[in-house]
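Novice: Sharing work_6.txt, compact mmCIF, C-alpha atoms and all ligand atoms:
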# COMPACT_ATOMS: atom_id res chain seq x y z
CA MET Z 1172 -29.00 -19.17 14.43
CA SER Z 1173 -27.82 -22.54 13.21
CA ASP Z 1174 -29.50 -24.53 10.46
CA PRO Z 1175 -29.77 -28.22 11.44
CA SER Z 1176 -29.74 -29.30 7.78
CA MET Z 1177 -26.18 -27.96 7.40
CA GLU Z 1178 -23.33 -30.46 7.44
CA ALA Z 1179 -22.00 -30.82 10.97
CA ALA Z 1180 -18.61 -29.24 11.58
CA LEU Z 1181 -18.10 -31.75 14.40
CA ARG Z 1182 -19.95 -34.99 15.02
CA PHE Z 1183 -19.46 -37.55 17.79
CA GLU Z 1184 -20.63 -41.04 16.85
CA ASN Z 1185 -21.10 -43.54 19.67
CA ILE Z 1186 -17.97 -42.49 21.51
CA VAL Z 1187 -16.86 -44.75 24.35
CA ARG Z 1188 -13.95 -43.81 26.61
CA ILE Z 1189 -12.51 -46.32 29.01
CA PHE Z 1190 -9.34 -45.84 31.02
CA ARG Z 1191 -7.65 -49.09 31.99
CA GLU Z 1192 -6.13 -49.02 35.44
CA GLY Z 1193 -4.25 -52.24 36.29
CA PRO Z 1194 -6.76 -55.06 36.33
CA GLY Z 1195 -9.74 -52.70 36.53
CA GLN Z 1196 -11.18 -50.20 34.11
CA LEU Z 1197 -12.91 -46.86 34.40
CA GLU Z 1198 -15.66 -46.18 31.88
CA ILE Z 1199 -15.98 -42.41 31.53
CA PHE Z 1200 -18.76 -42.30 28.95
CA ARG Z 1201 -20.46 -44.65 26.52
CA ASP Z 1202 -22.31 -44.15 23.25
CA ALA Z 1203 -21.78 -40.40 23.32
CA SER Z 1204 -23.29 -38.97 20.14
CA ALA Z 1205 -23.84 -35.32 19.20
CA ALA Z 1206 -23.29 -32.89 16.34
CA LEU Z 1207 -22.42 -29.21 16.10
CA VAL Z 1208 -23.12 -27.18 12.96
CA PRO Z 1209 -21.16 -24.09 11.89
CA GLY Z 1210 -22.07 -20.98 13.84
CA GLU Z 1211 -23.41 -22.89 16.82
CA ILE Z 1212 -22.14 -22.30 20.37
CA VAL Z 1213 -22.71 -25.30 22.62
CA ALA Z 1214 -21.99 -25.67 26.33
CA LEU Z 1215 -20.51 -28.90 27.68
CA VAL Z 1216 -21.56 -29.25 31.29
CA GLY Z 1217 -21.46 -31.92 33.97
CA PRO Z 1218 -20.01 -32.51 37.40
CA SER Z 1219 -16.28 -32.56 38.03
CA GLY Z 1220 -14.83 -35.82 36.71
CA ALA Z 1221 -17.74 -36.43 34.32
CA GLY Z 1222 -15.38 -36.42 31.35
CA LYS Z 1223 -15.71 -32.94 29.83
CA SER Z 1224 -11.96 -32.55 29.26
CA SER Z 1225 -11.73 -36.13 27.95
CA LEU Z 1226 -14.45 -35.43 25.38
CA LEU Z 1227 -12.74 -32.20 24.31
CA HIS Z 1228 -9.43 -34.06 23.92
CA ILE Z 1229 -11.17 -36.58 21.66
CA ALA Z 1230 -12.86 -33.80 19.67
CA GLY Z 1231 -9.49 -32.06 19.32
CA LEU Z 1232 -7.85 -35.24 17.98
CA LEU Z 1233 -5.48 -35.21 20.95
CA GLU Z 1234 -6.75 -38.58 22.20
CA SER Z 1235 -8.50 -41.48 20.51
CA PRO Z 1236 -11.75 -42.88 21.88
CA THR Z 1237 -11.85 -46.51 23.02
CA SER Z 1238 -14.50 -47.04 20.34
CA GLY Z 1239 -16.72 -44.89 18.18
CA ASP Z 1240 -15.50 -42.19 15.84
CA ILE Z 1241 -15.73 -38.49 15.23
CA LEU Z 1242 -16.31 -36.65 11.98
CA ILE Z 1243 -14.73 -33.30 11.23
CA ASN Z 1244 -16.45 -31.56 8.33
CA GLY Z 1245 -17.99 -34.89 7.35
CA GLN Z 1246 -14.70 -36.83 7.43
CA TYR Z 1247 -14.18 -39.79 9.75
CA VAL Z 1248 -10.90 -39.45 11.63
CA ALA Z 1249 -10.24 -42.90 13.16
CA ALA Z 1250 -8.92 -44.32 9.89
CA MET Z 1251 -6.67 -41.33 9.19
CA SER Z 1252 -2.89 -41.43 9.56
CA ASP Z 1253 -1.30 -39.49 12.42
CA ASP Z 1254 -0.02 -36.91 9.92
CA GLU Z 1255 -3.48 -36.39 8.48
CA ARG Z 1256 -4.98 -35.99 11.97
CA THR Z 1257 -2.29 -33.47 12.85
CA ARG Z 1258 -3.03 -31.50 9.68
CA ILE Z 1259 -6.78 -31.51 10.34
CA ARG Z 1260 -6.16 -30.40 13.94
CA ARG Z 1261 -3.88 -27.53 12.85
CA GLU Z 1262 -6.11 -26.32 10.02
CA THR Z 1263 -9.56 -26.92 11.46
CA ILE Z 1264 -9.53 -26.66 15.24
CA GLY Z 1265 -8.76 -23.81 17.64
CA PHE Z 1266 -8.19 -24.41 21.35
CA VAL Z 1267 -8.68 -22.22 24.42
CA TYR Z 1268 -7.75 -23.47 27.87
CA GLN Z 1269 -8.34 -22.22 31.41
CA ALA Z 1270 -4.77 -20.85 31.46
CA HIS Z 1271 -3.88 -18.55 28.57
CA HIS Z 1272 -0.54 -20.19 27.57
CA LEU Z 1273 0.61 -17.01 25.81
CA LEU Z 1274 4.29 -16.64 24.90
CA PRO Z 1275 5.53 -14.24 27.63
CA GLU Z 1276 8.34 -12.59 25.64
CA PHE Z 1277 6.03 -11.57 22.78
CA THR Z 1278 3.37 -8.86 22.56
CA ALA Z 1279 -0.34 -9.57 22.29
CA LEU Z 1280 -0.16 -8.85 18.56
CA GLU Z 1281 2.82 -11.16 18.06
CA ASN Z 1282 1.06 -13.93 19.99
CA VAL Z 1283 -1.72 -13.80 17.40
CA VAL Z 1284 0.68 -13.31 14.45
CA ILE Z 1285 3.01 -16.23 15.19
CA PRO Z 1286 0.55 -19.11 14.68
CA GLN Z 1287 -0.49 -17.58 11.36
CA MET Z 1288 3.13 -17.34 10.21
CA ILE Z 1289 3.69 -20.98 11.23
CA ALA Z 1290 0.71 -21.81 9.00
CA GLY Z 1291 2.35 -19.95 6.10
CA THR Z 1292 0.75 -16.49 6.22
CA LYS Z 1293 3.04 -13.54 5.44
CA ARG Z 1294 3.89 -11.40 8.48
CA LYS Z 1295 2.21 -8.28 7.11
CA ASP Z 1296 -1.07 -10.08 6.38
CA ALA Z 1297 -0.89 -11.89 9.71
CA ALA Z 1298 -0.47 -8.58 11.54
CA VAL Z 1299 -3.53 -7.08 9.82
CA GLU Z 1300 -5.59 -10.13 10.77
CA ALA Z 1301 -4.24 -10.17 14.34
CA LEU Z 1302 -5.18 -6.53 14.84
CA ARG Z 1303 -8.66 -7.19 13.47
CA LEU Z 1304 -9.17 -10.10 15.88
CA LEU Z 1305 -7.76 -8.18 18.85
CA THR Z 1306 -10.06 -5.27 17.98
CA VAL Z 1307 -13.14 -7.53 18.03
CA MET Z 1308 -11.91 -8.74 21.44
CA GLY Z 1309 -11.75 -5.09 22.64
CA LEU Z 1310 -7.95 -5.00 22.78
CA GLU Z 1311 -6.95 -2.59 20.01
CA GLY Z 1312 -5.21 -0.39 22.59
CA ARG Z 1313 -3.27 -3.30 24.10
CA ALA Z 1314 -1.76 -4.92 20.99
CA ASP Z 1315 1.79 -3.87 21.90
CA HIS Z 1316 1.61 -5.10 25.50
CA ARG Z 1317 3.28 -8.29 26.64
CA PRO Z 1318 1.19 -10.80 28.63
CA ALA Z 1319 2.63 -9.65 31.99
CA GLN Z 1320 1.38 -6.14 31.23
CA LEU Z 1321 -2.19 -7.38 30.68
CA SER Z 1322 -4.93 -8.26 33.17
CA GLY Z 1323 -6.12 -11.87 33.43
CA GLY Z 1324 -9.20 -11.05 31.39
CA GLU Z 1325 -7.12 -9.32 28.71
CA GLN Z 1326 -4.70 -12.26 28.56
CA GLN Z 1327 -7.61 -14.60 27.96
CA ARG Z 1328 -9.01 -12.30 25.26
CA VAL Z 1329 -5.66 -12.57 23.45
CA ALA Z 1330 -5.74 -16.37 23.82
CA ILE Z 1331 -9.20 -16.42 22.20
CA ALA Z 1332 -8.05 -14.19 19.33
CA ARG Z 1333 -5.03 -16.49 18.86
CA ALA Z 1334 -7.26 -19.59 18.80
CA LEU Z 1335 -9.23 -18.13 15.89
CA ALA Z 1336 -6.26 -16.66 14.00
CA ASN Z 1337 -6.01 -19.44 11.42
CA HIS Z 1338 -9.76 -19.47 10.72
CA PRO Z 1339 -10.62 -22.81 12.32
CA ARG Z 1340 -14.10 -24.22 11.72
CA ILE Z 1341 -14.25 -25.56 15.28
CA LEU Z 1342 -13.36 -23.93 18.58
CA LEU Z 1343 -12.87 -26.15 21.62
CA ALA Z 1344 -12.64 -24.38 24.96
CA ASP Z 1345 -12.07 -25.94 28.39
CA GLU Z 1346 -13.24 -23.58 31.15
CA PRO Z 1347 -12.03 -20.55 29.16
CA THR Z 1348 -13.07 -18.10 31.89
CA GLY Z 1349 -12.51 -20.42 34.86
CA ASN Z 1350 -9.63 -18.35 36.26
CA LEU Z 1351 -11.53 -15.06 36.15
CA ASP Z 1352 -13.87 -13.32 38.59
CA PRO Z 1353 -17.55 -13.50 37.55
CA LYS Z 1354 -17.77 -9.97 36.11
CA THR Z 1355 -14.56 -10.31 34.10
CA ALA Z 1356 -15.61 -13.81 33.02
CA ALA Z 1357 -18.91 -12.49 31.68
CA GLY Z 1358 -17.16 -9.73 29.68
CA VAL Z 1359 -14.59 -12.11 28.20
CA PHE Z 1360 -17.29 -14.65 27.40
CA ASP Z 1361 -19.44 -12.06 25.63
CA ALA Z 1362 -16.42 -11.04 23.52
CA LEU Z 1363 -15.77 -14.71 22.71
CA VAL Z 1364 -19.38 -15.13 21.57
CA THR Z 1365 -19.16 -12.02 19.36
CA LEU Z 1366 -16.00 -13.28 17.70
CA VAL Z 1367 -17.18 -16.88 17.30
CA ARG Z 1368 -20.48 -15.73 15.77
CA SER Z 1369 -18.78 -13.31 13.38
CA GLU Z 1370 -16.43 -16.08 12.20
CA GLY Z 1371 -19.19 -18.71 11.83
CA VAL Z 1372 -17.27 -21.20 13.97
CA ALA Z 1373 -18.84 -24.20 15.74
CA ALA Z 1374 -17.82 -23.86 19.40
CA LEU Z 1375 -17.93 -26.47 22.17
CA ILE Z 1376 -17.23 -24.87 25.52
CA ALA Z 1377 -16.85 -26.84 28.76
CA THR Z 1378 -17.92 -24.83 31.77
CA HIS Z 1379 -19.10 -25.18 35.37
CA ASN Z 1380 -20.68 -21.74 35.09
CA LEU Z 1381 -24.39 -22.25 34.41
CA GLN Z 1382 -24.92 -18.54 33.75
CA LEU Z 1383 -22.48 -18.75 30.85
CA ALA Z 1384 -23.97 -22.07 29.74
CA ALA Z 1385 -27.39 -20.38 29.59
CA LYS Z 1386 -26.01 -17.80 27.13
CA MET Z 1387 -25.08 -20.53 24.66
CA ASP Z 1388 -27.39 -21.97 21.99
CA ARG Z 1389 -27.79 -25.26 23.86
CA ALA Z 1390 -26.05 -27.49 26.35
CA LEU Z 1391 -24.70 -31.03 26.16
CA VAL Z 1392 -24.71 -32.62 29.60
CA LEU Z 1393 -22.40 -35.45 30.65
CA HIS Z 1394 -24.25 -37.37 33.31
CA GLU Z 1395 -23.41 -40.84 34.59
CA GLY Z 1396 -21.58 -41.79 31.41
CA ARG Z 1397 -24.23 -40.46 29.04
CA LEU Z 1398 -24.10 -37.39 26.81
CA LEU Z 1399 -27.52 -35.75 26.77
CA ASP Z 1400 -28.71 -32.78 24.72
CA ALA Z 1401 -30.43 -30.49 27.23
CA GLY Z 1402 -31.36 -27.86 24.64
CA LYS Z 1403 -31.15 -24.20 25.59
CA LEU Z 1404 -30.67 -23.79 29.34
CA GLY Z 1405 -32.61 -21.21 31.32
CA ALA Z 1406 -30.59 -18.70 33.33
CA PRO Z 1407 -30.05 -20.01 36.88
CA ALA Z 1408 -31.57 -18.02 39.76
CA VAL Z 1409 -28.89 -15.88 41.46
N1 LIG Z 1501 -5.15 -40.63 31.69
C1 LIG Z 1501 -6.11 -41.02 32.54
N2 LIG Z 1501 -6.06 -42.23 33.14
C2 LIG Z 1501 -7.03 -42.63 33.99
N3 LIG Z 1501 -8.12 -41.88 34.31
C3 LIG Z 1501 -8.21 -40.67 33.74
C4 LIG Z 1501 -7.24 -40.15 32.84
N4 LIG Z 1501 -7.61 -38.92 32.44
C5 LIG Z 1501 -8.79 -38.65 33.07
N5 LIG Z 1501 -9.14 -39.70 33.85
C6 LIG Z 1501 -10.36 -39.80 34.65
O1 LIG Z 1501 -11.45 -39.61 33.79
C7 LIG Z 1501 -12.51 -38.92 34.46
C8 LIG Z 1501 -12.93 -37.71 33.65
O2 LIG Z 1501 -11.90 -36.74 33.70
P1 LIG Z 1501 -12.05 -35.31 32.99
O3 LIG Z 1501 -10.84 -34.51 33.31
O4 LIG Z 1501 -12.37 -35.53 31.56
O5 LIG Z 1501 -13.33 -34.74 33.76
P2 LIG Z 1501 -13.95 -33.26 33.74
O6 LIG Z 1501 -15.42 -33.41 33.60
O7 LIG Z 1501 -13.24 -32.43 32.72
O8 LIG Z 1501 -13.60 -32.76 35.20
P3 LIG Z 1501 -13.33 -31.26 35.75
O9 LIG Z 1501 -14.65 -30.54 35.63
O10 LIG Z 1501 -12.95 -31.49 37.18
O11 LIG Z 1501 -12.23 -30.67 34.92
C9 LIG Z 1501 -11.99 -38.60 35.85
O12 LIG Z 1501 -12.49 -39.57 36.75
C10 LIG Z 1501 -10.50 -38.72 35.69
O13 LIG Z 1501 -9.91 -39.10 36.93
What is this structure when it is put down as structure tokens?
Ligand SMILES: Nc1ncnc2c1ncn2[C@@H]1O[C@H](COP(=O)(O)OP(=O)(O)OP(=O)(O)O)[C@@H](O)[C@H]1O
Specialist:
Amino acid sequence: MSDPSMEAALRFENIVRIFREGPGQLEIFRDASAALVPGEIVALVGPSGAGKSSLLHIAGLLESPTSGDILINGQYVAAMSDDERTRIRRETIGFVYQAHHLLPEFTALENVVIPQMIAGTKRKDAAVEALRLLTVMGLEGRADHRPAQLSGGEQQRVAIARALANHPRILLADEPTGNLDPKTAAGVFDALVTLVRSEGVAALIATHNLQLAAKMDRALVLHEGRLLDAGKLGAPAV
């Protein structure tokens, strides 16, 4: 379990996000503040359009907030150059989306090897690490399969292994099991939790699935422009 005295891996400080549309403006959220420490798995929940994806884009340094700032490992990012932000994103943050975005012409193993080689790891070392990650995800027998030869759940397991291949400190996931049936989603999610916990990563996972949200350490709720810490959610009645 997380230790609140640890330095936050990810901290939102008074984040405001406003989209300007012609003469009008759309305020998505205001004064959103929260922190995630290493090893913590946090759900991001809220109705459709509440701003979950927008907040993940800000956390992933893909978009800038209208005001406020975020800290990654204690470092403010707003004042950084674009190059520095890109470096922090590459070295520190892993992403998982609803769609797997695997490279179709490469095997599962290669899909997890390639990002490591881009980051400078030797192929042999990258392959050892990729097989380790795929094994934790329950895919040791599928490493040589291409994405089209894998089920939807298996494809998403590869995408999760890939996201953690370069040892990020933060994992951001946007509906990572949203394309899967409930049973498959639960299996993939449990594998994700196992891997994230073993790597000591801080994970922020947007989901509409309250059963999955209840498995996480706590939930941040976006509601009417506010980001609220709802603590650990109880399992919803089925
Ligand atoms: N580039 C943009 N310009 C204007 N409005 C935008 C832009 N991107 C997102 N929005 C609006 O911001 C709001 C939040 O969108 P966002 O995708 O973050 O919500 P969400 O909670 O992730 O929704 P869902 O659960 O449906 O994926 C929505 O009203 C959306 O229409």
Novice: List as CSV every residue of chain Z that is in contact with ligand LIG 1501 (chain Z), defined as an atom at most 10 Å from one of its atoms (using only C-alpha atoms and all ligand atoms), together with the nearest atom pair and the distance in Å rounded to one decimal, sorted by chain and then rising number.
Specialist:
residue,atom,partner,partner_atom,distance
Z:Arg1188,CA,Z:LIG1501,O1,8.7
Z:Ile1189,CA,Z:LIG1501,N3,8.2
Z:Phe1190,CA,Z:LIG1501,C2,4.9
Z:Arg1191,CA,Z:LIG1501,C2,6.8
Z:Glu1192,CA,Z:LIG1501,C2,6.6
Z:Gln1196,CA,Z:LIG1501,C2,8.6
Z:Leu1197,CA,Z:LIG1501,N3,6.9
Z:Glu1198,CA,Z:LIG1501,O1,8.0
Z:Ile1199,CA,Z:LIG1501,C7,5.7
Z:Phe1200,CA,Z:LIG1501,C8,8.8
Z:Leu1215,CA,Z:LIG1501,O6,9.0
Z:Val1216,CA,Z:LIG1501,O6,7.8
Z:Gly1217,CA,Z:LIG1501,O6,6.2
Z:Pro1218,CA,Z:LIG1501,O9,6.0
Z:Ser1219,CA,Z:LIG1501,O9,3.5
Z:Gly1220,CA,Z:LIG1501,O5,3.5
Z:Ala1221,CA,Z:LIG1501,O6,3.9
Z:Gly1222,CA,Z:LIG1501,O4,3.1
Z:Lys1223,CA,Z:LIG1501,O6,3.8
Z:Ser1224,CA,Z:LIG1501,O7,3.7
Z:Ser1225,CA,Z:LIG1501,O4,3.7
Z:Leu1226,CA,Z:LIG1501,O4,6.5
Z:Leu1227,CA,Z:LIG1501,O4,8.0
Z:His1228,CA,Z:LIG1501,O4,8.3
Z:Glu1234,CA,Z:LIG1501,N1,9.8
Z:Gln1269,CA,Z:LIG1501,O11,9.9
Z:Asp1345,CA,Z:LIG1501,O7,7.9
Z:Glu1346,CA,Z:LIG1501,O11,8.1
Z:Ala1377,CA,Z:LIG1501,O7,7.7
Z:Thr1378,CA,Z:LIG1501,O9,7.6
Z:His1379,CA,Z:LIG1501,O9,7.0
Z:Leu1393,CA,Z:LIG1501,O6,7.8
Z:His1394,CA,Z:LIG1501,O6,9.7
Z:Gly1396,CA,Z:LIG1501,C8,9.8
Novice: Would you mind listing what lies within 6 Å of Z:Leu1375 as a list in words, with all atoms listed in the file counted and same-chain residues fewer than 2 positions away left out?
Specialist: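 Here the answer would be Val1213, Ala1214 and Leu1343 of chain Z.
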Novice: Store the residues of this selection in a file with C-alpha atoms, as an mmCIF file, in the coordinates of the input.
Specialist:
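Now in result-v9.cif:
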data_model
loop_
_atom_site.group_PDB
_atom_site.id
_atom_site.type_symbol
_atom_site.label_atom_id
_atom_site.label_comp_id
_atom_site.auth_asym_id
_atom_site.auth_seq_id
_atom_site.Cartn_x
_atom_site.Cartn_y
_atom_site.Cartn_z
ATOM 1 C CA VAL Z 1213 -22.710 -25.300 22.620
ATOM 2 C CA ALA Z 1214 -21.990 -25.670 26.330
ATOM 3 C CA LEU Z 1343 -12.870 -26.150 21.620
#
Novice: Please report the interatomic distance between atom CA of Z:Ile1289 and atom CA of Z:Gly1309 in Å with one decimal.
Specialist: 24.9 Å
Novice: Any idea what's packed within 7 Å of Z:Ile1241, counting all atoms listed in the file, ignoring anything in its chain fewer than 6 positions away? Could you give it as a list in words?
Specialist: Arg1182, Phe1183, Glu1184, Tyr1247 and Val1248 of chain Z
Novice: Please report, as AutoDock Vina command-line options, the centre and edge lengths in Å to one decimal of an axis-aligned box covering all listed atoms of stretch 1176-1191 of chain Z with 6 Å per side.
Specialist:
--center_x -18.7 --center_y -38.5 --center_z 19.7 --size_x 34.1 --size_y 33.1 --size_z 36.6
Novice: Give me the residues within 10 Å of Z:Leu1280 as a list of chain:residue names, counting all atoms listed in the file and dropping any in the same chain fewer than 4 places off.
Specialist: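 Selected residues are Z:Val1284, Z:Ile1285, Z:Ala1297, Z:Ala1298, Z:Val1299, Z:Glu1300, Z:Ala1301, Z:Leu1302, Z:Leu1304, Z:Leu1305, Z:Leu1310, Z:Glu1311, Z:Arg1313, Z:Ala1314, Z:Asp1315, Z:His1316, Z:Arg1317, Z:Val1329, Z:Ala1332, Z:Arg1333.
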Novice: For Z:Leu1274, please output as a PyMOL selection string all residues within 10 Å (counting only C-alpha atoms; exclusion window: fewer than 4 positions along the same chain).
Specialist: chain Z and resi 1278-1279+1281-1282+1285+1317-1318
Novice: Can you pull out every residue within 12 Å of Z:Leu1383, counting all atoms listed in the file, but drop anything in the same chain fewer than 2 positions away, and send it as a PyMOL selection string?
Specialist: chain Z and resi 1212-1216+1346-1349+1353-1354+1356-1361+1363-1364+1376-1381+1385-1390+1403-1407
Novice: Would you mind reading off the distance between atom CA of Z:Gly1195 and atom CA of Z:Asp1240, one decimal, in Å?
Specialist: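 That distance, rounded to one decimal, is 23.9 Å.
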Novice: Taking (-20.9, -35.4, 14.5) in the file's coordinates as the center, which residues reach within 10 Å of it, counting all atoms listed in the file, put as a PyMOL selection string?
Specialist: chain Z and resi 1178-1185+1204-1208+1230+1240-1247
Novice: Could you jot down the atom CA of Z:Ile1264 to atom CA of Z:Ala1374 separation for me, Å, one decimal place?
Specialist: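 Going from atom CA of Z:Ile1264 over to atom CA of Z:Ala1374 covers 9.7 Å.
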Novice: Between Z:Val1307, Z:Leu1273, Z:Ala1401, Z:Leu1321, single out the one closest to Z:Glu1370, counting all atoms listed in the file.
Specialist: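 Residue with the minimum atom-to-atom distance to Z:Glu1370: Z:Val1307.
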Novice: Between Z:Ile1331, Z:Leu1399, Z:Ile1341, Z:Ala1250, which is the closest to Z:Leu1366 once you count all atoms listed in the file?
Specialist: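 Under the stated criterion, the closest residue is Z:Ile1331.
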Novice: So which one's closest to Z:Ala1362, Z:Ser1235, Z:Thr1292, Z:Thr1306, Z:Gln1320? Using only C-alpha atoms, please.
Specialist: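 Comparing Z:Ser1235, Z:Thr1292, Z:Thr1306, Z:Gln1320 against Z:Ala1362, the winner is Z:Thr1306.
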Novice: So, with all atoms listed in the file as the atoms that count, which of Z:Ser1369, Z:Thr1257, Z:Gln1382, Z:His1272 lies closest to Z:Leu1335?
Specialist: Z:Ser1369
Novice: Hey, which of Z:Gly1210, Z:Ser1238, Z:Ala1319, Z:Gln1327 ends up closest to Z:Phe1277? Count all atoms listed in the file.
Specialist: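 Answer, going by the shortest atom-to-atom distance: Z:Ala1319.
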Novice: Choose the residue, out of Z:Met1251, Z:Val1367, Z:Ala1336, Z:Ala1270, that has the smallest atom-to-atom separation from Z:Ala1290; count all atoms listed in the file.
Specialist: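 Looking at the shortest contact to Z:Ala1290, the residue is Z:Ala1336.
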